[in-house]
Amino acid sequence: MSALLLGLHRPGSTLLHRLPAGAKLLLLAAASILIAVVRGPASAWVAVAVAIGLLAWAGADPRTTVRSLRGLMIVLVVLGVFQVWQAGWALAFERVGDLLAMVLLATVVTTTTPVDDMVDALVRALRPLRPLGVNPEAVALAFSLMLRAIPAVAEIAEEARQAAVARGLERSPRARLTPLVIRVVARARLTGEALHARGLADD
Amino acid sequence: MTITFEAVTVSFPGADGPVSVLAETTLTLEERRVALIGPNGSGKSTLARLVNGLVTATSGRVLVDGLDPDRDGREVRRRVGFAFTDPAAQLVMPTAVEDVALSLRRTHPDKEERRRAALDLLDQAGLAGLGDRSVHALSGGQRQLLALTGVLATNPTILVADEPTTLLDLANTRRIADLLFGLEQQLLLVTHDLGLAERCDRGVVMDEGRVVFDGPAAEAVAHYRATA
């Protein structure tokens, strides 16, 4: 259940909840560009602090938030160590902070916005591209599936880990990764069949 | 509605040539509830999947209300709903209400109206109060009920259910069975639960890709018990 937060909307009545989904996605894009452009570790960690404040305002459960970010933390630590080795402390702090701030801000958007609203916003935004052959509904559905896939893959990964532990293979990356990859591909295939069966692949 | 299989065969490519999974089969299904029973790998799911085009016949012809699932796929899928064994693969949206609402996008363009309709359907399915719950946080029985609700929201005239109770405990099997047997839709039920099969109007027993018995459900179950 570790990645639940990225796929979970928490209903509420704050200004963040009331803002239109399109506006939130645009603000997220603008904030991400700003975070990437402004240089220096201080600004990156100010952005992290702001994002944490917004998460609290949105009513996100702190324990669930921390739990959901455990996997990301491991990636950030590895990235940080690599950056310290390659580019020094200052740049490592800046890049890790930038990435963390962007993920937290994205979490604010998913926490305060029903997926249905995001799908509608995407469909509206992509409608002008229809003459170029873009199918807005198909792109929006792919977006929803991506959000749904995050906790689903996390659950499969946890089951693969438990199966490896049960066989005394907890230190074997192959025992954990092979079933994970096979089951994720099988799940993707089943999901495709389910979409097909519900007639959603016809639109 | 009539489902017709006319000399249908299905085979898949194998290392040593084509592997047959369904031998030549001719059937006409008109009863309201039909059970497909038989051992694992007997061709039940393949036969069921032919009905809405998830599997394509290698030879022969399948007709659903006169429509060919390969040629008229879109029209057939509007008539035929399909419920899978594992509901997790079928639930494509993060929350319960959003998943049902996805099935209603065509019939309810207004978002608020769509959400209300989805919540009503969840209430009717016994999932009241779980609309905003992550599909991930639901129990196995709740997930299967939700998956069925999502399929039934498209208002199909035929429901194909492929072992919908296999992963469930006794209480949840009863809930799903009550839902399935309370439907007005025609039901094609693939199942290992012989109690459920006996409640159908007709039973088709399959073994090694062939229909080995076809008749009243109670007789089909008795035949399967005697030969298994």
# chains A, B, ... in the order shown; residues from 1 in each chain; ligands from 1
>>> interface_residues(of="chain B", to="chain A", cutoff="9 Å", atoms="only C-alpha atoms", output="PDB file with N, CA and C atoms, in the first residue's frame")
ATOM      1  N   ASN B  52     -17.729 -11.929 -26.755  1.00  0.00           N
ATOM      2  CA  ASN B  52     -17.571 -10.479 -27.002  1.00  0.00           C
ATOM      3  C   ASN B  52     -16.257 -10.131 -27.703  1.00  0.00           C
ATOM      4  N   GLY B  53     -15.673 -11.127 -28.352  1.00  0.00           N
ATOM      5  CA  GLY B  53     -14.530 -10.828 -29.213  1.00  0.00           C
ATOM      6  C   GLY B  53     -13.188 -10.751 -28.507  1.00  0.00           C
ATOM      7  N   LEU B  54     -13.130 -11.154 -27.214  1.00  0.00           N
ATOM      8  CA  LEU B  54     -11.828 -11.174 -26.543  1.00  0.00           C
ATOM      9  C   LEU B  54     -10.946 -12.265 -27.139  1.00  0.00           C
ATOM     10  N   GLY B  73     -17.692  -5.512 -33.591  1.00  0.00           N
ATOM     11  CA  GLY B  73     -17.201  -5.536 -32.206  1.00  0.00           C
ATOM     12  C   GLY B  73     -17.848  -4.495 -31.309  1.00  0.00           C
ATOM     13  N   ARG B  74     -17.909  -3.255 -31.784  1.00  0.00           N
ATOM     14  CA  ARG B  74     -18.434  -2.177 -30.953  1.00  0.00           C
ATOM     15  C   ARG B  74     -19.887  -2.446 -30.553  1.00  0.00           C
ATOM     16  N   ARG B  77     -20.100  -5.417 -28.072  1.00  0.00           N
ATOM     17  CA  ARG B  77     -19.647  -5.093 -26.714  1.00  0.00           C
ATOM     18  C   ARG B  77     -20.645  -4.188 -25.988  1.00  0.00           C
ATOM     19  N   ARG B  78     -21.473  -3.444 -26.734  1.00  0.00           N
ATOM     20  CA  ARG B  78     -22.517  -2.661 -26.062  1.00  0.00           C
ATOM     21  C   ARG B  78     -23.618  -3.574 -25.540  1.00  0.00           C
ATOM     22  N   VAL B  80     -22.942  -6.985 -24.727  1.00  0.00           N
ATOM     23  CA  VAL B  80     -22.373  -8.045 -23.887  1.00  0.00           C
ATOM     24  C   VAL B  80     -21.414  -7.451 -22.845  1.00  0.00           C
ATOM     25  N   GLY B  81     -21.737  -7.614 -21.575  1.00  0.00           N
ATOM     26  CA  GLY B  81     -20.820  -7.219 -20.517  1.00  0.00           C
ATOM     27  C   GLY B  81     -19.997  -8.433 -20.093  1.00  0.00           C
ATOM     28  N   PHE B  82     -18.768  -8.202 -19.647  1.00  0.00           N
ATOM     29  CA  PHE B  82     -17.893  -9.330 -19.301  1.00  0.00           C
ATOM     30  C   PHE B  82     -17.286  -9.071 -17.928  1.00  0.00           C
ATOM     31  N   ALA B  83     -17.470 -10.022 -17.018  1.00  0.00           N
ATOM     32  CA  ALA B  83     -16.871  -9.908 -15.678  1.00  0.00           C
ATOM     33  C   ALA B  83     -15.776 -10.962 -15.543  1.00  0.00           C
ATOM     34  N   PHE B  84     -14.595 -10.529 -15.108  1.00  0.00           N
ATOM     35  CA  PHE B  84     -13.439 -11.417 -15.016  1.00  0.00           C
ATOM     36  C   PHE B  84     -13.326 -12.047 -13.620  1.00  0.00           C
ATOM     37  N   ALA B  88      -9.496  -7.059  -9.687  1.00  0.00           N
ATOM     38  CA  ALA B  88      -8.462  -6.019  -9.611  1.00  0.00           C
ATOM     39  C   ALA B  88      -8.034  -5.573 -11.005  1.00  0.00           C
ATOM     40  N   ALA B  89      -8.034  -6.515 -11.944  1.00  0.00           N
ATOM     41  CA  ALA B  89      -7.607  -6.160 -13.301  1.00  0.00           C
ATOM     42  C   ALA B  89      -8.668  -5.356 -14.032  1.00  0.00           C
ATOM     43  N   GLN B  90      -9.889  -5.442 -13.517  1.00  0.00           N
ATOM     44  CA  GLN B  90     -11.003  -4.813 -14.223  1.00  0.00           C
ATOM     45  C   GLN B  90     -11.271  -3.394 -13.733  1.00  0.00           C
ATOM     46  N   LEU B  91     -10.769  -3.089 -12.534  1.00  0.00           N
ATOM     47  CA  LEU B  91     -11.032  -1.778 -11.949  1.00  0.00           C
ATOM     48  C   LEU B  91      -9.934  -0.826 -12.398  1.00  0.00           C
ATOM     49  N   VAL B  92     -10.311   0.159 -13.206  1.00  0.00           N
ATOM     50  CA  VAL B  92      -9.280   0.971 -13.854  1.00  0.00           C
ATOM     51  C   VAL B  92      -9.169   2.384 -13.285  1.00  0.00           C
ATOM     52  N   MET B  93     -10.077   2.762 -12.381  1.00  0.00           N
ATOM     53  CA  MET B  93      -9.993   4.109 -11.815  1.00  0.00           C
ATOM     54  C   MET B  93      -9.635   4.015 -10.334  1.00  0.00           C
ATOM     55  N   PRO B  94      -9.071   5.098  -9.775  1.00  0.00           N
ATOM     56  CA  PRO B  94      -8.587   5.011  -8.389  1.00  0.00           C
ATOM     57  C   PRO B  94      -9.666   4.794  -7.334  1.00  0.00           C
ATOM     58  N   THR B  95     -10.843   5.384  -7.502  1.00  0.00           N
ATOM     59  CA  THR B  95     -11.869   5.210  -6.469  1.00  0.00           C
ATOM     60  C   THR B  95     -13.095   4.507  -7.048  1.00  0.00           C
ATOM     61  N   GLU B  98     -15.529   6.675  -9.142  1.00  0.00           N
ATOM     62  CA  GLU B  98     -14.934   7.058 -10.438  1.00  0.00           C
ATOM     63  C   GLU B  98     -14.930   5.881 -11.406  1.00  0.00           C
ATOM     64  N   ALA B 101     -18.413   5.562 -12.662  1.00  0.00           N
ATOM     65  CA  ALA B 101     -18.699   6.726 -13.510  1.00  0.00           C
ATOM     66  C   ALA B 101     -18.054   6.585 -14.895  1.00  0.00           C
ATOM     67  N   LEU B 102     -16.922   5.917 -14.942  1.00  0.00           N
ATOM     68  CA  LEU B 102     -16.243   5.722 -16.238  1.00  0.00           C
ATOM     69  C   LEU B 102     -17.155   4.974 -17.212  1.00  0.00           C
ATOM     70  N   SER B 103     -17.905   4.016 -16.690  1.00  0.00           N
ATOM     71  CA  SER B 103     -18.821   3.265 -17.553  1.00  0.00           C
ATOM     72  C   SER B 103     -20.017   4.104 -17.988  1.00  0.00           C
ATOM     73  N   LYS B 111     -21.190  15.828 -15.564  1.00  0.00           N
ATOM     74  CA  LYS B 111     -20.345  15.186 -14.550  1.00  0.00           C
ATOM     75  C   LYS B 111     -21.072  14.940 -13.225  1.00  0.00           C
ATOM     76  N   ASP B 132     -15.982   6.985  -2.315  1.00  0.00           N
ATOM     77  CA  ASP B 132     -14.697   7.681  -2.372  1.00  0.00           C
ATOM     78  C   ASP B 132     -13.545   6.826  -1.847  1.00  0.00           C
ATOM     79  N   ARG B 133     -13.820   5.565  -1.543  1.00  0.00           N
ATOM     80  CA  ARG B 133     -12.778   4.651  -1.068  1.00  0.00           C
ATOM     81  C   ARG B 133     -11.902   4.226  -2.257  1.00  0.00           C
ATOM     82  N   SER B 134     -10.574   4.149  -2.043  1.00  0.00           N
ATOM     83  CA  SER B 134      -9.682   3.647  -3.087  1.00  0.00           C
ATOM     84  C   SER B 134     -10.074   2.204  -3.420  1.00  0.00           C
ATOM     85  N   VAL B 135     -10.091   1.846  -4.698  1.00  0.00           N
ATOM     86  CA  VAL B 135     -10.440   0.463  -5.058  1.00  0.00           C
ATOM     87  C   VAL B 135      -9.430  -0.509  -4.448  1.00  0.00           C
ATOM     88  N   HIS B 136      -8.264   0.040  -4.163  1.00  0.00           N
ATOM     89  CA  HIS B 136      -7.190  -0.737  -3.582  1.00  0.00           C
ATOM     90  C   HIS B 136      -7.490  -1.155  -2.141  1.00  0.00           C
ATOM     91  N   ALA B 137      -8.308  -0.326  -1.477  1.00  0.00           N
ATOM     92  CA  ALA B 137      -8.576  -0.554  -0.051  1.00  0.00           C
ATOM     93  C   ALA B 137      -9.843  -1.382   0.162  1.00  0.00           C
ATOM     94  N   GLY B 150     -19.631  -1.922 -12.320  1.00  0.00           N
ATOM     95  CA  GLY B 150     -19.059  -1.181 -13.452  1.00  0.00           C
ATOM     96  C   GLY B 150     -19.484  -1.764 -14.789  1.00  0.00           C
ATOM     97  N   VAL B 151     -19.552  -3.076 -14.855  1.00  0.00           N
ATOM     98  CA  VAL B 151     -19.973  -3.738 -16.099  1.00  0.00           C
ATOM     99  C   VAL B 151     -21.472  -3.510 -16.335  1.00  0.00           C
ATOM    100  N   THR B 154     -23.077  -0.250 -17.872  1.00  0.00           N
ATOM    101  CA  THR B 154     -23.167  -0.029 -19.321  1.00  0.00           C
ATOM    102  C   THR B 154     -24.477  -0.607 -19.878  1.00  0.00           C
TER     103      THR B 154
END
>>> select_by_dssp(residues="range 9-185 of chain A", states="helix (DSSP H, G or I)", output="VMD selection string")
chain A and resid 15 to 18 21 to 37 41 to 58 62 to 68 70 to 87 89 to 112 115 to 132 136 to 166 173 to 185
>>> residues_around(residues="range 12-18 of chain A", least_positions_apart="2", cutoff="9 Å", atoms="only C-alpha atoms", output="NGL selection string")
:A and (10 or 20-21 or 24 or 54 or 57-59 or 108-109 or 111-113)
>>> write_last_selection(atoms="N, CA and C atoms", output="tab-separated table (two decimals), in the first residue's frame")
chain	number	residue	atom	x	y	z
A	10	ARG	N	-8.57	12.91	-1.61
A	10	ARG	CA	-9.22	13.08	-0.29
A	10	ARG	C	-10.22	14.22	-0.41
A	20	PRO	N	-10.38	24.80	-10.04
A	20	PRO	CA	-10.60	23.88	-11.16
A	20	PRO	C	-9.36	23.02	-11.43
A	21	ALA	N	-9.60	21.77	-11.85
A	21	ALA	CA	-8.49	20.83	-12.09
A	21	ALA	C	-7.49	21.38	-13.10
A	24	LYS	N	-5.21	23.87	-11.54
A	24	LYS	CA	-4.22	23.23	-10.67
A	24	LYS	C	-3.09	22.58	-11.48
A	54	LEU	N	1.18	23.08	1.90
A	54	LEU	CA	-0.01	22.89	1.07
A	54	LEU	C	-0.64	21.52	1.32
A	57	TRP	N	-2.55	21.74	4.48
A	57	TRP	CA	-3.78	22.51	4.23
A	57	TRP	C	-4.82	21.63	3.50
A	58	ALA	N	-4.33	20.77	2.60
A	58	ALA	CA	-5.24	19.91	1.83
A	58	ALA	C	-5.84	18.79	2.68
A	59	GLY	N	-5.31	18.63	3.90
A	59	GLY	CA	-5.86	17.60	4.79
A	59	GLY	C	-5.24	16.23	4.61
A	108	VAL	N	-0.15	17.11	-3.87
A	108	VAL	CA	-1.20	18.07	-3.47
A	108	VAL	C	-2.32	18.06	-4.51
A	109	VAL	N	-1.95	18.04	-5.79
A	109	VAL	CA	-2.96	18.06	-6.87
A	109	VAL	C	-3.79	16.77	-6.83
A	111	THR	N	-4.27	14.77	-4.35
A	111	THR	CA	-5.02	14.67	-3.09
A	111	THR	C	-6.29	15.52	-3.13
A	112	THR	N	-6.23	16.65	-3.83
A	112	THR	CA	-7.37	17.59	-3.80
A	112	THR	C	-8.24	17.52	-5.06
A	113	THR	N	-7.91	16.63	-6.00
A	113	THR	CA	-8.65	16.62	-7.27
A	113	THR	C	-9.13	15.22	-7.61
>>> residues_around(residues="range 159-170 of chain B", least_positions_apart="6", cutoff="7 Å", atoms="only C-alpha atoms", output="mmCIF file with C-alpha atoms, in the first residue's frame")
data_model
loop_
_atom_site.group_PDB
_atom_site.id
_atom_site.type_symbol
_atom_site.label_atom_id
_atom_site.label_comp_id
_atom_site.auth_asym_id
_atom_site.auth_seq_id
_atom_site.Cartn_x
_atom_site.Cartn_y
_atom_site.Cartn_z
ATOM 1 C CA SER B 45 -13.254 -19.456 -20.727
ATOM 2 C CA ALA B 48 -17.078 -17.426 -23.130
ATOM 3 C CA VAL B 80 -22.373 -8.045 -23.887
ATOM 4 C CA GLY B 81 -20.820 -7.219 -20.517
ATOM 5 C CA PHE B 82 -17.893 -9.330 -19.301
ATOM 6 C CA ALA B 83 -16.871 -9.908 -15.678
ATOM 7 C CA PHE B 84 -13.439 -11.417 -15.016
ATOM 8 C CA THR B 85 -12.277 -13.745 -12.255
ATOM 9 C CA GLY B 140 -12.083 -9.041 -2.390
ATOM 10 C CA GLY B 141 -15.867 -9.323 -2.246
ATOM 11 C CA GLN B 185 -29.978 -9.852 -18.150
ATOM 12 C CA GLN B 186 -29.183 -13.119 -19.871
ATOM 13 C CA LEU B 187 -26.323 -14.748 -17.951
ATOM 14 C CA LEU B 188 -23.537 -16.953 -19.301
ATOM 15 C CA LEU B 189 -21.759 -18.203 -16.187
ATOM 16 C CA VAL B 190 -18.391 -19.970 -16.282
ATOM 17 C CA THR B 191 -17.982 -21.562 -12.879
ATOM 18 C CA HIS B 192 -16.457 -24.285 -10.720
#
>>> select_by_dssp(residues="range 25-217 of chain B", states="strand (DSSP E or B)", output="number ranges by chain")
B: 25-29, 33-37, 59-64, 67, 80-83, 95, 134, 158-162, 186-190, 202-207, 210-215
>>> write_last_selection(atoms="C-alpha atoms", output="compact mmCIF listing (two decimals), in the first residue's frame")
# COMPACT_ATOMS: atom_id res chain seq x y z
CA THR B 25 -18.28 -26.60 -31.50
CA THR B 26 -21.84 -25.88 -32.56
CA LEU B 27 -24.23 -24.49 -29.94
CA THR B 28 -27.23 -22.19 -29.77
CA LEU B 29 -27.79 -20.53 -26.39
CA ARG B 33 -29.07 -18.50 -17.49
CA VAL B 34 -26.51 -20.89 -18.92
CA ALA B 35 -23.69 -22.49 -16.89
CA LEU B 36 -20.40 -23.57 -18.48
CA ILE B 37 -18.68 -26.14 -16.28
CA SER B 59 -12.65 -21.13 -38.04
CA GLY B 60 -16.43 -21.11 -37.93
CA ARG B 61 -18.65 -18.24 -36.86
CA VAL B 62 -19.97 -16.72 -33.63
CA LEU B 63 -23.15 -14.65 -33.73
CA VAL B 64 -24.63 -12.60 -30.89
CA LEU B 67 -23.94 -9.76 -34.97
CA VAL B 80 -22.37 -8.05 -23.89
CA GLY B 81 -20.82 -7.22 -20.52
CA PHE B 82 -17.89 -9.33 -19.30
CA ALA B 83 -16.87 -9.91 -15.68
CA THR B 95 -11.87 5.21 -6.47
CA SER B 134 -9.68 3.65 -3.09
CA ILE B 158 -26.01 -10.31 -21.81
CA LEU B 159 -23.57 -10.73 -18.93
CA VAL B 160 -20.70 -13.17 -19.34
CA ALA B 161 -19.14 -13.94 -15.94
CA ASP B 162 -15.89 -15.91 -15.97
CA GLN B 186 -29.18 -13.12 -19.87
CA LEU B 187 -26.32 -14.75 -17.95
CA LEU B 188 -23.54 -16.95 -19.30
CA LEU B 189 -21.76 -18.20 -16.19
CA VAL B 190 -18.39 -19.97 -16.28
CA ARG B 202 -29.06 -25.03 -18.85
CA GLY B 203 -25.66 -26.59 -18.28
CA VAL B 204 -22.88 -27.19 -20.79
CA VAL B 205 -20.08 -29.48 -19.64
CA MET B 206 -16.72 -29.15 -21.40
CA ASP B 207 -13.64 -31.33 -21.36
CA ARG B 210 -15.14 -30.23 -26.45
CA VAL B 211 -18.72 -30.07 -25.29
CA VAL B 212 -19.28 -33.44 -23.60
CA PHE B 213 -22.76 -32.81 -22.18
CA ASP B 214 -25.46 -30.24 -22.89
CA GLY B 215 -28.83 -30.23 -21.13
>>> closest_residue(among="B:Arg32, B:Ala153, B:Gly41, B:Val221", to="His108 in chain B", atoms="only C-alpha atoms")
B:Ala153
>>> residues_around(residues="range 26-30 of chain A", least_positions_apart="6", cutoff="12 Å", atoms="only C-alpha atoms", output="count of residues only")
20
>>> residues_around(residues="Ala157 in chain A", least_positions_apart="2", cutoff="12 Å", atoms="only C-alpha atoms", output="list in words")
Met1, Ser2, Ala3, Gly71, Ala149, Ile150, Pro151, Ala152, Val153, Ala154, Glu155, Glu159, Ala160, Arg161, Gln162, Ala163, Ala164, Pro173, Ala175, Arg176, Leu177, Thr178, Pro179, Leu180, Val181, Ile182, Arg183 and Val184 of chain A
